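Q: What follows is coords-v6.csv, made up of CSV, C-alpha atoms:
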```csv
chain,number,residue,atom,x,y,z
A,216,MET,CA,-23.8,20.8,-5.7
A,217,ARG,CA,-20.5,21.6,-3.9
A,218,GLU,CA,-17.6,23.1,-5.9
A,219,ILE,CA,-13.9,22.3,-5.3
A,220,HIS,CA,-11.3,24.1,-7.3
A,221,VAL,CA,-8.5,22.2,-8.9
A,222,ASP,CA,-5.9,24.5,-7.3
A,223,THR,CA,-7.0,23.2,-3.9
A,224,ILE,CA,-6.7,19.6,-5.0
A,225,ARG,CA,-3.3,20.2,-6.5
A,226,ASP,CA,-1.9,21.9,-3.4
A,227,LYS,CA,-3.4,19.2,-1.0
A,228,VAL,CA,-2.0,16.4,-3.1
A,229,ALA,CA,1.5,18.1,-3.0
A,230,GLU,CA,1.2,18.3,0.8
A,231,LEU,CA,0.2,14.7,1.1
A,232,CYS,CA,3.1,13.5,-1.0
A,233,VAL,CA,5.6,15.2,1.3
A,234,GLU,CA,3.8,14.1,4.5
A,235,ALA,CA,3.4,10.5,3.4
A,236,THR,CA,7.0,10.0,2.5
A,237,HIS,CA,8.3,11.6,5.7
A,238,VAL,CA,5.8,10.6,8.5
A,239,LEU,CA,4.8,7.0,9.1
A,240,PRO,CA,1.1,6.4,10.0
A,241,ASP,CA,0.3,5.7,13.7
A,242,ASP,CA,-1.1,2.2,13.0
A,243,VAL,CA,2.2,1.2,11.3
A,244,ARG,CA,4.2,2.6,14.1
A,245,ASP,CA,2.2,0.7,16.6
A,246,GLY,CA,2.6,-2.5,14.5
A,247,LEU,CA,6.4,-2.2,14.4
A,248,ARG,CA,6.5,-1.5,18.1
A,249,HIS,CA,4.3,-4.6,18.8
A,250,ALA,CA,6.6,-6.6,16.6
A,251,GLU,CA,9.7,-5.4,18.5
A,252,ALA,CA,8.1,-6.2,21.8
A,253,THR,CA,7.1,-9.8,20.8
A,254,GLU,CA,10.1,-10.8,18.7
A,255,PRO,CA,12.2,-13.5,20.4
A,256,ALA,CA,15.1,-13.6,17.9
A,257,PRO,CA,17.9,-11.2,18.9
A,258,LEU,CA,19.0,-10.2,15.4
A,259,ALA,CA,15.4,-9.7,14.2
A,260,ARG,CA,14.6,-7.6,17.3
A,261,GLN,CA,17.6,-5.4,16.6
A,262,VAL,CA,16.5,-4.9,13.1
A,263,LEU,CA,13.1,-3.8,14.4
A,264,VAL,CA,14.7,-1.4,16.9
A,265,GLU,CA,16.6,0.2,14.0
A,266,LEU,CA,13.5,0.5,11.8
A,267,ILE,CA,11.7,2.3,14.7
A,268,GLU,CA,14.7,4.6,15.1
A,269,ASN,CA,14.6,5.3,11.4
A,270,PHE,CA,11.0,6.5,11.5
A,271,ASP,CA,11.7,8.7,14.5
A,272,ILE,CA,14.6,10.4,12.8
A,273,ALA,CA,12.6,10.8,9.6
A,274,GLN,CA,9.8,12.6,11.3
A,275,ARG,CA,12.0,14.7,13.6
A,276,GLU,CA,14.3,15.9,10.8
A,277,MET,CA,11.7,15.8,8.0
A,278,ILE,CA,13.7,13.5,5.7
A,279,PRO,CA,12.2,10.6,3.7
A,280,LEU,CA,11.6,7.4,5.5
A,281,CYS,CA,13.2,5.6,2.5
A,282,GLN,CA,15.3,6.7,-0.4
A,283,ASP,CA,12.8,4.9,-2.7
A,284,THR,CA,9.9,7.4,-2.5
A,285,GLY,CA,7.9,5.2,-4.7
A,286,THR,CA,5.3,5.2,-7.4
A,287,THR,CA,2.7,7.6,-6.3
A,288,VAL,CA,-0.6,5.7,-6.1
A,289,VAL,CA,-3.6,7.9,-5.5
A,290,PHE,CA,-7.1,6.6,-4.4
A,291,VAL,CA,-9.9,9.1,-5.1
A,292,GLU,CA,-13.4,8.8,-3.7
A,293,LEU,CA,-15.5,11.5,-5.5
A,294,GLY,CA,-18.8,12.3,-4.1
A,295,GLN,CA,-21.7,12.5,-6.6
A,296,GLU,CA,-22.5,16.0,-5.4
A,297,VAL,CA,-19.0,17.4,-6.0
A,298,HIS,CA,-18.3,19.6,-9.0
A,299,VAL,CA,-14.6,20.0,-9.7
A,300,VAL,CA,-14.0,23.4,-11.3
A,301,GLY,CA,-11.2,25.3,-12.9
A,302,GLY,CA,-9.7,22.4,-14.9
A,303,SER,CA,-9.2,18.6,-14.9
A,304,LEU,CA,-9.2,16.6,-11.7
A,305,GLU,CA,-6.7,14.2,-13.1
A,306,ALA,CA,-4.4,16.9,-14.3
A,307,ALA,CA,-4.6,18.5,-10.8
A,308,ILE,CA,-3.5,15.3,-9.2
A,309,HIS,CA,-0.6,14.8,-11.5
A,310,ALA,CA,0.4,18.5,-11.0
A,311,GLY,CA,0.2,18.0,-7.2
A,312,VAL,CA,2.5,15.0,-7.3
A,313,GLY,CA,5.0,16.9,-9.4
A,314,GLN,CA,4.9,19.9,-7.1
A,315,GLY,CA,5.3,17.7,-4.0
A,316,TYR,CA,8.2,15.6,-5.3
A,317,THR,CA,10.2,18.5,-6.7
A,318,GLY,CA,9.4,20.9,-3.9
A,319,GLY,CA,10.1,18.2,-1.3
A,320,TYR,CA,13.4,17.3,-3.0
A,321,MET,CA,12.4,13.6,-3.2
A,322,ARG,CA,13.7,11.0,-5.6
A,323,ALA,CA,12.0,10.9,-9.0
A,324,SER,CA,11.5,7.2,-9.9
A,325,ILE,CA,9.1,7.2,-12.8
A,326,VAL,CA,10.3,6.6,-16.4
A,327,GLU,CA,8.1,7.9,-19.3
A,328,HIS,CA,8.2,4.7,-21.4
A,329,PRO,CA,8.5,1.2,-19.8
A,330,LEU,CA,10.5,-0.4,-22.7
A,331,THR,CA,13.8,0.7,-24.2
A,332,SER,CA,14.0,4.4,-23.7
A,333,ARG,CA,13.1,4.5,-20.0
A,334,ILE,CA,13.7,8.3,-19.6
A,335,ASN,CA,12.9,9.6,-16.2
A,336,THR,CA,10.1,12.1,-16.1
A,337,GLY,CA,11.9,14.2,-13.5
A,338,ASN,CA,9.1,14.8,-11.0
A,339,ASN,CA,7.6,11.3,-10.3
A,340,THR,CA,4.6,11.8,-12.5
A,341,PRO,CA,2.3,10.5,-13.7
A,342,ALA,CA,0.7,9.1,-10.7
A,343,VAL,CA,-1.4,5.9,-10.8
A,344,ILE,CA,-4.9,6.9,-9.9
A,345,HIS,CA,-7.9,4.8,-8.8
A,346,TYR,CA,-11.3,6.4,-8.9
A,347,GLU,CA,-14.5,5.6,-7.1
A,348,VAL,CA,-17.7,7.6,-7.3
A,349,VAL,CA,-19.6,7.5,-4.0
A,350,PRO,CA,-22.7,9.3,-2.5
A,351,GLY,CA,-22.2,12.7,-0.9
A,352,GLU,CA,-20.4,16.0,-1.4
A,353,ASP,CA,-16.9,15.1,-0.2
A,354,LEU,CA,-13.7,14.4,-2.1
A,355,LEU,CA,-11.4,11.9,-0.3
A,356,ILE,CA,-7.9,11.6,-1.6
A,357,LYS,CA,-5.4,9.0,-0.3
A,358,VAL,CA,-1.7,9.1,-1.4
A,359,LEU,CA,0.2,5.9,-1.2
A,360,PRO,CA,3.9,6.1,-2.2
A,361,LYS,CA,4.6,2.4,-3.2
A,362,GLY,CA,8.2,1.3,-3.2
A,363,GLY,CA,9.6,-0.7,-6.1
A,364,GLY,CA,11.0,-3.6,-4.0
A,365,CYS,CA,7.6,-4.6,-2.6
A,366,GLU,CA,5.6,-3.8,-5.7
A,367,ASN,CA,7.8,-6.0,-7.8
A,368,MET,CA,6.7,-9.0,-5.6
A,369,THR,CA,3.0,-8.6,-6.6
A,370,ARG,CA,1.5,-11.9,-7.7
A,371,PHE,CA,-1.8,-13.1,-9.3
A,372,THR,CA,-3.3,-16.5,-9.9
A,373,ASN,CA,-6.7,-17.7,-11.1
A,374,LEU,CA,-7.6,-20.8,-9.0
A,375,LEU,CA,-10.4,-23.2,-9.7
A,376,PRO,CA,-13.3,-22.7,-7.3
A,377,ARG,CA,-13.0,-26.1,-5.8
A,378,ALA,CA,-9.4,-25.2,-4.6
A,379,GLY,CA,-11.0,-23.1,-1.9
A,380,ARG,CA,-9.7,-21.5,1.3
A,381,GLU,CA,-6.6,-23.7,1.7
A,382,ALA,CA,-5.4,-22.9,-1.8
A,383,VAL,CA,-5.8,-19.1,-1.1
A,384,ILE,CA,-3.7,-19.4,2.0
A,385,ASN,CA,-1.0,-21.5,0.2
A,386,PHE,CA,-0.8,-18.9,-2.5
A,387,ILE,CA,-0.3,-16.1,0.1
A,388,LEU,CA,2.4,-18.2,1.8
A,389,ARG,CA,4.2,-19.0,-1.4
A,390,THR,CA,4.2,-15.3,-2.4
A,391,VAL,CA,5.7,-14.2,0.9
A,392,GLU,CA,8.2,-17.0,1.1
A,393,GLU,CA,9.5,-16.6,-2.4
A,394,SER,CA,9.7,-12.8,-2.0
A,395,GLY,CA,12.2,-13.1,0.9
A,396,GLY,CA,13.8,-9.8,1.8
A,397,ASN,CA,12.9,-8.0,-1.4
A,398,PRO,CA,9.7,-6.4,-0.1
A,399,CYS,CA,11.4,-5.3,3.2
A,400,PRO,CA,9.4,-7.1,5.8
A,401,PRO,CA,7.7,-6.9,8.3
A,402,LEU,CA,4.9,-6.5,5.7
A,403,ILE,CA,1.3,-5.5,5.3
A,404,VAL,CA,0.0,-8.2,2.9
A,405,GLY,CA,-2.9,-7.0,0.8
A,406,VAL,CA,-5.1,-9.8,-0.8
A,407,GLY,CA,-7.9,-9.4,-3.3
A,408,VAL,CA,-10.2,-12.4,-3.9
A,409,GLY,CA,-12.9,-12.4,-6.5
A,410,GLY,CA,-14.1,-10.3,-9.4
A,411,THR,CA,-11.9,-10.6,-12.5
A,412,ALA,CA,-8.1,-10.5,-12.8
A,413,GLU,CA,-7.9,-6.7,-12.8
A,414,LYS,CA,-10.5,-6.3,-10.0
A,415,ALA,CA,-8.6,-8.8,-7.8
A,416,MET,CA,-5.4,-6.8,-8.4
A,417,SER,CA,-7.1,-3.6,-7.5
A,418,LEU,CA,-8.6,-5.0,-4.4
A,419,ALA,CA,-5.2,-6.3,-3.2
A,420,LYS,CA,-3.7,-2.8,-3.6
A,421,GLN,CA,-6.6,-1.2,-1.8
A,422,ALA,CA,-6.4,-3.8,1.0
A,423,ILE,CA,-3.0,-2.5,2.1
A,424,THR,CA,-4.6,0.9,2.9
A,425,ARG,CA,-7.0,-0.7,5.4
A,426,GLY,CA,-4.4,-0.4,8.2
A,427,VAL,CA,-2.6,-2.5,10.7
A,428,GLY,CA,-4.9,-3.9,13.4
A,429,SER,CA,-8.0,-3.6,11.3
A,430,VAL,CA,-10.3,-6.6,10.9
A,431,SER,CA,-12.7,-7.5,8.1
A,432,ASP,CA,-16.4,-7.0,8.7
A,433,ASP,CA,-17.0,-10.4,7.2
A,434,PRO,CA,-16.5,-13.1,9.9
A,435,GLU,CA,-15.3,-15.7,7.3
A,436,VAL,CA,-12.8,-13.3,5.8
A,437,ALA,CA,-11.6,-12.2,9.3
A,438,ASP,CA,-11.0,-15.8,10.2
A,439,LEU,CA,-9.1,-16.3,7.0
A,440,GLU,CA,-6.9,-13.2,7.7
A,441,ALA,CA,-6.1,-14.5,11.2
A,442,GLU,CA,-5.1,-18.0,10.0
A,443,ALA,CA,-3.1,-16.6,7.1
A,444,LEU,CA,-1.2,-14.2,9.4
A,445,ASP,CA,-0.3,-17.0,11.8
A,446,LYS,CA,1.0,-19.2,9.0
A,447,VAL,CA,2.9,-16.4,7.3
A,448,ASN,CA,4.7,-15.5,10.6
A,449,ALA,CA,5.4,-19.2,11.1
A,450,LEU,CA,7.5,-19.2,7.9
A,451,GLY,CA,10.4,-17.7,9.8
A,452,VAL,CA,11.3,-15.1,7.1
A,453,GLY,CA,11.3,-12.4,9.8
A,454,PRO,CA,12.2,-8.7,9.7
A,455,GLN,CA,14.4,-7.9,6.6
A,456,ALA,CA,14.5,-11.7,6.1
A,457,VAL,CA,17.0,-12.3,8.9
A,458,GLY,CA,14.7,-14.8,10.5
A,459,GLY,CA,12.2,-14.4,13.3
A,460,LEU,CA,8.5,-14.5,14.1
A,461,ASN,CA,7.5,-11.1,12.6
A,462,THR,CA,7.3,-11.4,8.9
A,463,ALA,CA,4.0,-9.6,8.6
A,464,MET,CA,2.2,-7.0,10.7
A,465,ALA,CA,-1.1,-7.6,9.0
A,466,ILE,CA,-2.9,-9.6,6.3
A,467,ASN,CA,-5.9,-7.6,4.9
A,468,ILE,CA,-8.3,-9.3,2.5
A,469,LEU,CA,-10.9,-7.7,0.4
A,470,THR,CA,-13.4,-9.8,-1.6
A,471,TYR,CA,-15.8,-9.2,-4.5
A,472,PRO,CA,-18.4,-11.4,-6.2
A,473,THR,CA,-17.0,-13.5,-9.0
A,474,HIS,CA,-17.9,-15.9,-11.9
A,475,ILE,CA,-19.0,-19.4,-11.1
A,476,THR,CA,-16.0,-20.8,-12.9
A,477,ALA,CA,-13.3,-18.6,-11.2
A,478,LEU,CA,-11.5,-17.9,-8.0
A,479,PRO,CA,-9.1,-15.1,-8.8
A,480,VAL,CA,-6.5,-14.2,-6.1
A,481,ALA,CA,-4.0,-11.3,-6.1
A,482,VAL,CA,-1.4,-10.6,-3.4
A,483,ASN,CA,0.2,-7.1,-3.1
A,484,LEU,CA,2.9,-6.7,-0.5
A,485,GLN,CA,3.6,-3.4,1.3
A,486,CYS,CA,7.0,-2.9,3.0
A,487,HIS,CA,7.5,-1.9,6.7
A,488,SER,CA,7.6,1.7,5.5
A,489,ALA,CA,3.9,1.6,4.8
A,490,ARG,CA,3.4,5.2,3.8
A,491,LEU,CA,-0.1,6.5,3.5
A,492,LYS,CA,-1.8,9.9,4.0
A,493,GLU,CA,-5.2,11.2,3.2
A,494,VAL,CA,-7.4,14.3,3.1
A,495,ARG,CA,-11.1,14.8,2.9
A,496,LEU,CA,-12.1,18.0,1.1
```
Spell out the structure here as structure tokens.
A:
Amino acid sequence: MREIHVDTIRDKVAELCVEATHVLPDDVRDGLRHAEATEPAPLARQVLVELIENFDIAQREMIPLCQDTGTTVVFVELGQEVHVVGGSLEAAIHAGVGQGYTGGYMRASIVEHPLTSRINTGNNTPAVIHYEVVPGEDLLIKVLPKGGGCENMTRFTNLLPRAGREAVINFILRTVEESGGNPCPPLIVGVGVGGTAEKAMSLAKQAITRGVGSVSDDPEVADLEAEALDKVNALGVGPQAVGGLNTAMAINILTYPTHITALPVAVNLQCHSARLKEVRL
């Protein structure tokens, strides 16, 4: 049994919050550069040039990539042989988020009650945490700051099984087209298919962490991703919805077994500032 103290977890989460909001992952950088190199529309290409310049400035001067530093979504893979000591794992994650956002002078965007009072918590807590228990003695933490504009475009539907592949693609297309410029394209489109409603939604969020340029291990799903990406980019929404061929950098699909009567599908859009950092303890 391996022990990890909550103070280590808190401090690492704080570091990830700052790094994630300031430094774009390499796969997203490469995706934006590829989009700029392949975009034939002059205005769309100029938008991409400016997005690339923005992430260069953010990293060089260590300022946030976007003023919306997001809801802090945290994915935790906890090894079965890990014993968290010194306090609560969940409390340590929330404390790390608060430490990172206040110490990093980042915008606090979370309100304590979602209805009428809507008073800002002041430090971007609480985080939204997804847990998975896995074999081994490591603790993997991924921090995903999720902007409001793209998160608000999340959509879910429960299709009949006979609707099949074409209906899944059409739902993805409709979600992207109706979202327009709100999610700040070019996008990473996360799709969850299967399970139950909440499982499909969780899969869609997890799918956006898989990275630009990755391909599903399932040949059928990989083929579906490629077809959907071609059709999304043929919509002509383009970077920041000015038109063009680069509406999405990637479509990542995760699946899960489901009931014989159901075909649940969720779509979660991630903006071009696809912020994500992780640490393995």
Q: Pick the closest to A:Gly319 from A:Ile219, A:Leu293, A:Leu359, A:Leu231: which is it, counting all atoms listed in the file?
A: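 Under the stated criterion, the closest residue is A:Leu231.
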Q: With a distance cut-off of 9 Å and all atoms listed in the file, select the neighbouring residues of A:Phe270, excluding the residue or stretch itself and same-chain residues fewer than 5 positions from it, and output the selection as a list of chain:residue names.
A: A:His237, A:Val238, A:Leu239, A:Arg244, A:Glu265, A:Arg275, A:Pro279, A:Leu280, A:Ser488
Q: Using all atoms listed in the file, which of A:Ala412, A:Leu258, A:Ala323, A:Ala235 sits nearest A:Val494?
A: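 Closest to A:Val494, using all atoms listed in the file: A:Ala235.
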Q: Calculated over all atoms listed in the file, which of the candidates A:Pro329, A:Pro257, A:Thr223, A:Asn367 has the smallest distance to A:Gly311?
A: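 Under the stated criterion, the closest residue is A:Thr223.
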Q: Can you tell me how far atom CA of A:Val262 sits from atom CA of A:Glu493, in Å to one decimal?
A: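 Pair atom CA of A:Val262 / atom CA of A:Glu493 returns 28.8 Å.
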